[in-house]
Structures are given as structure tokens and as C-alpha cells.
There are 2 protein chains.
Amino acid sequence: MDSFEQRLNEAADRVTVALDALLPRAEGPEAHLNSAMRYAALGPGKRLRPFLAVEAGRLVNADERGVLRAACALECIHAYSLIHDDLPCMDDDDMRRGRPTVHKAYDEATAVLAGDALQAAAFEILAHPDTHQRGSVRSRLVERLARASGPYGMVGGQMIDIRAETEQFDISVVTRMHRMKTGALINYAVEIGTILREVEDHIRRALEGFAHDLGLAYQITDDLLDATGDQAEMGKAAGKDAGQGKATFVTILGVEGARDRSRHLAAQAKDHLEPFGARAEVLREAVDFILDRRS
Amino acid sequence: MDSFEQRLNEAADRVTVALDALLPRAEGPEAHLNSAMRYAALGPGKRLRPFLAVEAGRLVNADERGVLRAACALECIHAYSLIHDDLPCMDDDDMRRGRPTVHKAYDEATAVLAGDALQAAAFEILAHPDTHQRGSVRSRLVERLARASGPYGMVGGQMIDIRAETEQFDISVVTRMHRMKTGALINYAVEIGTILREVEDHIRRALEGFAHDLGLAYQITDDLLDATGDQAEMGKAAGKDAGQGKATFVTILGVEGARDRSRHLAAQAKDHLEPFGARAEVLREAVDFILDRRS
């Protein structure tokens, strides 16, 4: 079996190649838009969500091409959320993954539209008959991604995150915010395989539990990186949360408390993988990778 | 039969009531987001696209509840596009339909997120099993709306529209821009019924031709209103195109030339309705209503 890093990179490459074919070419008078979409979606990135989708899909023997296609849609949603997050009226970030953010490389109007277009592209990718999936599967993939990314999921979580700058939220609201903002899409990644292929209830629940704990551990690590990380290694600005006086796991639990919490969640996430035995080894390594990451 | 205005208002009321039930309540720490979504989607508006969907759906005897639900999704897309269009980095409009725009009534970050969330809500509404439509119908509704609103449709058209401020486009590009920016969603409105219920090819083509000509006539009227309209009646700023030196039907054809073109397209749109005889009278009146409107 290949090493973890090899499998991570292989999944990233496959998603990037597939996305390149799915996104519109930069042609015609609207070329500026398509170019910005491609800049955001095809640029450097770990492609962590697609990787989780591919590996969880393997565990349930879901159709590989179907998983890959849904993973591309998920990556479009992730890419659009980063474009809009970086806008001056949101986080106002000039750099992302060591490159100028979309509104810096292009302009603000193009960044708004490129995000909007990537969201639409995601749902077209899932719903298109080219997928060779049954209509009921395609509409379920759409429904779940729309739910995970919309007001009850990612975007709702982003709204709470912004409010956290001016309101004093307790740990229950911060937890809920993270479950919506980051957790929902990680859940979706792991869920894709079980939408494409029917699985027993205890298998579905095992994967749900895994995604649930991993998602929160991921976000606590993010808070830790913001508080203690190295700006050059991260390719973006650090220390923004504390500067804004925002409630995070680190401001509420302290650095050590947050580290303990994320270790505890990581162990719990691995426990959920027990029904899969050795076949889930790559996902167990993914947990460690996510916790030990430096950007 | 009720008068045209009565039917327009009745469709608007039905869509508003249905949307009110479909959109998330303004509760919890993310209430701000949901409140902004509702402000944008449930506020005053002619609900022209849902009206076209309802009346075209009737012509092909499509399931009424199904049409109404898809019309709600379409209105969410329309509402999100207006929120983002009004942003300072886009058209920078403070007023819309006589009320403060979303970024004025709330703030810019909330406006970006409310638009994003309305787009996700649109696709969730279409894909949800509550619709009682077959999965293949639901995924087709999603696929067509994503296509009509994404880089090949509305958002692509908006990008060309912005580029038109700095580039000298000829009438073929301006026509293409309008077909994408406004035409694609009007097409979708009229198409909904034929997705829900199979129709003969000549019926589908008749409705497509109708939507195609009406969409362009609609946009030429918009250009005329911008050039000659009354700001108070329109509830938004007028005269912006000329001020920006932008290529429009009016700047290219002149006011009289643009009026001629829209009258010609209106007659052609009505000709397409011939197969439906007297049953299409309401849609014929809709053509006149759209051309004679003052806002």
C-alpha cells in the first residue's frame, strides 16, 4: 500500500484533473470570470475534503468515478467559500495559500461573481446526467450538499463566526458554529459514498461519528494554528482571532485545554472506524495528519 | 377569468406564502443571516419569474404544487443575484424597490452571506424529497437552474455586463450578455412546467421561443428605463448606464431604435404562443405588461 502522503497527493491530483475538465474554459467576453473560478478552484491546496470523500467511499465500495465527481462539487463549494471569506467586507485577507486572494489577483466584483459561479457549478456537476447515477442519487447528493453549505450549515456557521467578534458566545455556541462552518462539509465528504451505495445503518453511523469528531478536531487545530502558528508556514495571516477578541476554543479553554480537547476528539474519531478494521488505516492516519498540520 | 393584474398578484402572493414557509426562521445565533435572507426574498417585488412559471405550467397542465415550489427556488436565485448586484463593489446601489438594499439594511458581510445562503436554499428546495417529484425530475430541475444561473447563464452575463463598462462591445456581445444575464432565468421559468410534465417537441419549442424573445424584450425595456425612466417610480437610481459610457441597446440603437426592437420582439414572442390559442391570453398580456412597465 502507498504511504499516506502518496495517497493524499494522488487523490488531490485526480480531483484537480477532474475539476479542470468540469470547469468552464476561460473563453469569450466572460473569460475573466472563468479564469478567476479556475484560479480559486485549481490552485494549490491539500484537497482534504475530496481525499476524505475518496477514502470513505473506498471503505463502502462506492463507485469511484461517482465519488470523484461529487468530491469535485464539494471542492467547488469549499473554493467559493474561501473566495467570499477573503473579501474586504469579510476577513479581508490579501493572501491565501501563499498567493494573492482572488479579489487581489482580479478585483472584488469578479471575486463575488466567481464565488457565486462556483456554487452554481457545484450543483450542476452533481445534478448532471453525465454522472450516470440514478436521478434519486443525484438529487440526494444535491440536497445534502445544499443543506451542508447553506444557512443550516457552512454559511450559517460563518454568520455566527462574524457575530462572535462582537457578541460574547459561550462554548456551546462556539461548538455549534464550528459544526456548521467546517463540520457540515466534512460530514458531507464522508457521506458521499453512502449516498452512492446503500450501506447498513451501523456503517453509516460509524462514518457519521468519525466525521463529526474529526470536523471539530480540525477546527480546534485551526484555532490553535491561529493562536500559535507561523505566518510564513501557513501562507496567510495568523493571530487574527485574539486581535479581534473573538471567542474560540483557545480563548475559552486555553492553548493546553484546546490541545487536550482535540487529542480526545481525535482518539474518539479513530474509535468510530473500528468496524472497518485495517481497511480504515488511511483515515486513521488522516486524523493524525489533520491534527499535526502546520497550515 | 380574472384580470391580468389579479392573476399576477395572486401568483405573487402564493409564491410569497410558500417561500415564507420554505426559508429558515430568524432564530438562534445565526438569526441575522436568516433575517437578511427573508428581507431580500420576501420583500416587495413583482415576482415576474414565478408568475411566468405558474402561467406556462398551466398551459402544459403541470402539477401546480411542483411548479410553485420550483418557482420559489427560482425566486431565491433572483433575490440572491439582486443582493450581490447591489453590493458596493458591484453596482453600489443603496435602494432597491424603494427600500434600503440588504448591505444598507444589514451590512456588507451579511449581504454576501445572505446571497450565498439563498443560492444554496434554492437548490435544496428543488432537490428535497418533500417535493414528491421523481428523483430524475428533481435533478433535472437542479441541473437546469444551476446552468441558467451559473457561469454559462446569469453570473456569466453579469461578468460581461461589468466588462462592458471598460470594453467596447458590439451589439452581438450585448445581445449575448442579456440572453445570459436575464434571458436564462426567464427561460428557466417557462421551462419548469415542461420538466415536470413531458410535452411534445413543438410545444417545448413554442415555449422556448416565447421565453427567448420575451427575455430580450424585457432587457431592452430595462435599458430604456435606465435611459428615460423616473427614479422615484423605479425605486432605484436611473441613468447609470450612460454615466458609465456603457454599451446598451439604447446607446447602440438609440431610444427609438431600441423601442422598435423591443416591439418587434414582443410581437414575435406572442406569435410563438399560437399553438395554445386563447389559453395563452394571460401570457400575451404579460408581454405587454413587461414592455409597458415603468419600473
# chains A, B, ... in the order shown; residues from 1 in each chain; ligands from 1
>>> interface_residues(of="chain B", to="chain A", cutoff="8 Å", atoms="only C-alpha atoms", output="CSV table (one decimal) with N, CA and C atoms, in the first residue's frame")
chain,number,residue,atom,x,y,z
B,24,PRO,N,-35.5,29.5,6.2
B,24,PRO,CA,-35.3,29.3,7.6
B,24,PRO,C,-35.8,30.5,8.5
B,29,PRO,N,-28.2,32.0,17.1
B,29,PRO,CA,-27.1,33.0,16.9
B,29,PRO,C,-26.9,33.4,15.4
B,30,GLU,N,-27.4,32.6,14.5
B,30,GLU,CA,-27.3,33.0,13.0
B,30,GLU,C,-28.6,33.7,12.5
B,32,HIS,N,-29.4,36.7,12.3
B,32,HIS,CA,-29.1,37.8,11.5
B,32,HIS,C,-29.1,37.4,10.0
B,33,LEU,N,-28.5,36.3,9.7
B,33,LEU,CA,-28.4,35.8,8.3
B,33,LEU,C,-29.8,35.5,7.8
B,34,ASN,N,-30.6,34.7,8.6
B,34,ASN,CA,-31.9,34.3,8.1
B,34,ASN,C,-32.8,35.5,7.9
B,84,HIS,N,-26.3,40.6,-4.3
B,84,HIS,CA,-24.9,40.7,-4.7
B,84,HIS,C,-24.7,41.8,-5.7
B,89,CYS,N,-19.0,46.9,-4.3
B,89,CYS,CA,-18.0,46.5,-5.3
B,89,CYS,C,-18.7,46.1,-6.6
B,90,MET,N,-20.0,46.1,-6.7
B,90,MET,CA,-20.7,45.8,-7.9
B,90,MET,C,-21.4,47.1,-8.4
B,108,GLU,N,-22.4,44.7,4.9
B,108,GLU,CA,-21.9,44.0,3.6
B,108,GLU,C,-21.6,42.5,3.8
B,109,ALA,N,-21.0,42.2,5.0
B,109,ALA,CA,-20.7,40.7,5.2
B,109,ALA,C,-22.0,39.9,5.2
B,110,THR,N,-23.0,40.5,5.9
B,110,THR,CA,-24.3,39.7,5.9
B,110,THR,C,-24.9,39.7,4.6
B,112,VAL,N,-23.3,39.5,1.6
B,112,VAL,CA,-22.6,38.4,0.9
B,112,VAL,C,-23.1,37.1,1.3
B,113,LEU,N,-23.2,36.9,2.6
B,113,LEU,CA,-23.6,35.5,3.1
B,113,LEU,C,-25.1,35.3,2.8
B,116,ASP,N,-25.3,34.1,-0.7
B,116,ASP,CA,-24.8,32.7,-0.8
B,116,ASP,C,-25.8,31.7,-0.2
B,117,ALA,N,-26.4,32.1,0.9
B,117,ALA,CA,-27.3,31.1,1.6
B,117,ALA,C,-28.6,31.0,0.7
B,118,LEU,N,-29.0,32.1,0.1
B,118,LEU,CA,-30.3,32.0,-0.8
B,118,LEU,C,-30.0,31.1,-2.0
B,119,GLN,N,-28.8,31.1,-2.5
B,119,GLN,CA,-28.5,30.2,-3.6
B,119,GLN,C,-28.5,28.8,-3.2
B,120,ALA,N,-27.9,28.5,-2.0
B,120,ALA,CA,-27.9,27.1,-1.5
B,120,ALA,C,-29.4,26.7,-1.2
B,121,ALA,N,-30.2,27.6,-0.6
B,121,ALA,CA,-31.6,27.3,-0.3
B,121,ALA,C,-32.3,26.9,-1.6
B,123,PHE,N,-31.3,25.4,-4.3
B,123,PHE,CA,-31.1,24.0,-4.7
B,123,PHE,C,-31.6,23.0,-3.8
B,124,GLU,N,-31.6,23.4,-2.5
B,124,GLU,CA,-32.2,22.4,-1.5
B,124,GLU,C,-33.7,22.3,-1.7
B,125,ILE,N,-34.3,23.4,-2.0
B,125,ILE,CA,-35.8,23.4,-2.3
B,125,ILE,C,-36.1,22.5,-3.5
B,127,ALA,N,-34.2,20.0,-4.7
B,127,ALA,CA,-33.8,18.6,-4.6
B,127,ALA,C,-34.5,17.8,-3.5
B,128,HIS,N,-35.1,18.5,-2.6
B,128,HIS,CA,-35.7,17.9,-1.4
B,128,HIS,C,-36.8,16.9,-1.8
B,134,ARG,N,-40.3,12.7,-8.9
B,134,ARG,CA,-39.3,11.7,-9.0
B,134,ARG,C,-37.9,12.3,-8.9
B,135,GLY,N,-36.9,11.4,-8.5
B,135,GLY,CA,-35.6,11.9,-8.4
B,135,GLY,C,-35.0,12.5,-9.7
B,136,SER,N,-35.4,11.9,-10.9
B,136,SER,CA,-34.9,12.3,-12.1
B,136,SER,C,-35.5,13.7,-12.5
B,137,VAL,N,-36.7,14.0,-12.0
B,137,VAL,CA,-37.3,15.3,-12.3
B,137,VAL,C,-36.6,16.4,-11.4
B,138,ARG,N,-36.4,16.0,-10.1
B,138,ARG,CA,-35.7,16.9,-9.2
B,138,ARG,C,-34.3,17.2,-9.7
B,139,SER,N,-33.6,16.2,-10.1
B,139,SER,CA,-32.2,16.5,-10.5
B,139,SER,C,-32.2,17.3,-11.8
B,140,ARG,N,-33.2,17.1,-12.7
B,140,ARG,CA,-33.3,17.9,-13.9
B,140,ARG,C,-33.6,19.4,-13.5
B,142,VAL,N,-32.7,20.9,-10.9
B,142,VAL,CA,-31.5,21.5,-10.3
B,142,VAL,C,-30.5,21.8,-11.4
B,143,GLU,N,-30.3,20.8,-12.3
B,143,GLU,CA,-29.3,20.9,-13.4
B,143,GLU,C,-29.6,22.2,-14.2
B,144,ARG,N,-30.9,22.3,-14.6
B,144,ARG,CA,-31.2,23.4,-15.5
B,144,ARG,C,-31.1,24.8,-14.8
B,146,ALA,N,-29.1,25.4,-12.2
B,146,ALA,CA,-27.7,25.7,-12.0
B,146,ALA,C,-27.1,26.2,-13.3
B,147,ARG,N,-27.4,25.6,-14.4
B,147,ARG,CA,-26.9,26.1,-15.7
B,147,ARG,C,-27.4,27.5,-16.0
B,149,SER,N,-28.2,29.8,-14.0
B,149,SER,CA,-27.8,30.9,-13.1
B,149,SER,C,-26.3,31.0,-13.0
B,150,GLY,N,-25.5,30.0,-13.5
B,150,GLY,CA,-24.1,29.9,-13.3
B,150,GLY,C,-23.3,30.6,-14.3
B,151,PRO,N,-22.0,30.2,-14.5
B,151,PRO,CA,-21.1,30.8,-15.4
B,151,PRO,C,-21.6,30.9,-16.9
B,155,VAL,N,-24.7,34.6,-14.0
B,155,VAL,CA,-23.5,35.1,-13.5
B,155,VAL,C,-22.5,35.5,-14.6
B,156,GLY,N,-22.4,34.6,-15.6
B,156,GLY,CA,-21.6,34.9,-16.8
B,156,GLY,C,-22.0,36.2,-17.4
B,157,GLY,N,-23.3,36.4,-17.6
B,157,GLY,CA,-23.9,37.6,-18.1
B,157,GLY,C,-23.5,38.8,-17.3
B,158,GLN,N,-23.5,38.7,-16.0
B,158,GLN,CA,-23.2,39.8,-15.1
B,158,GLN,C,-21.7,40.2,-15.3
B,159,MET,N,-20.9,39.2,-15.5
B,159,MET,CA,-19.5,39.4,-15.7
B,159,MET,C,-19.3,40.2,-17.0
B,160,ILE,N,-20.0,39.8,-18.1
B,160,ILE,CA,-19.9,40.6,-19.3
B,160,ILE,C,-20.4,42.0,-19.1
B,163,ARG,N,-17.7,44.0,-17.6
B,163,ARG,CA,-16.7,44.3,-18.6
B,163,ARG,C,-17.1,45.4,-19.6
B,173,VAL,N,-22.3,41.1,-28.8
B,173,VAL,CA,-21.9,40.7,-27.4
B,173,VAL,C,-23.0,41.2,-26.4
>>> residues_around(residues="Ala286 of chain A", least_positions_apart="2", cutoff="9 Å", atoms="only C-alpha atoms", output="VMD selection string")
chain A and resid 4 8 48 52 281 to 284 288 to 291
>>> select_by_dssp(residues="segment 48-182 of chain A", states="alpha helix (DSSP H)", output="MDAnalysis selection string")
chainID A and resid 48:59 64:86 102:105 108:127 135:149 154:163 171:178
>>> residues_around(residues="Arg49 of chain A", least_positions_apart="4", cutoff="8 Å", atoms="only C-alpha atoms", output="VMD selection string")
chain A and resid 53 71 74 to 75 185 to 186 189
>>> select_by_dssp(residues="segment 46-215 of chain B", states="strand (DSSP E)", output="list in words")
Met95, Arg96, Arg99 and Pro100 of chain B
>>> closest_residue(among="A:Lys246, A:Arg14, A:Arg47, A:Lys104", to="Arg69 of chain A", atoms="only C-alpha atoms")
A:Arg14
>>> residues_around(residues="Pro44 of chain B", least_positions_apart="4", cutoff="10 Å", atoms="only C-alpha atoms", output="count of residues only")
8
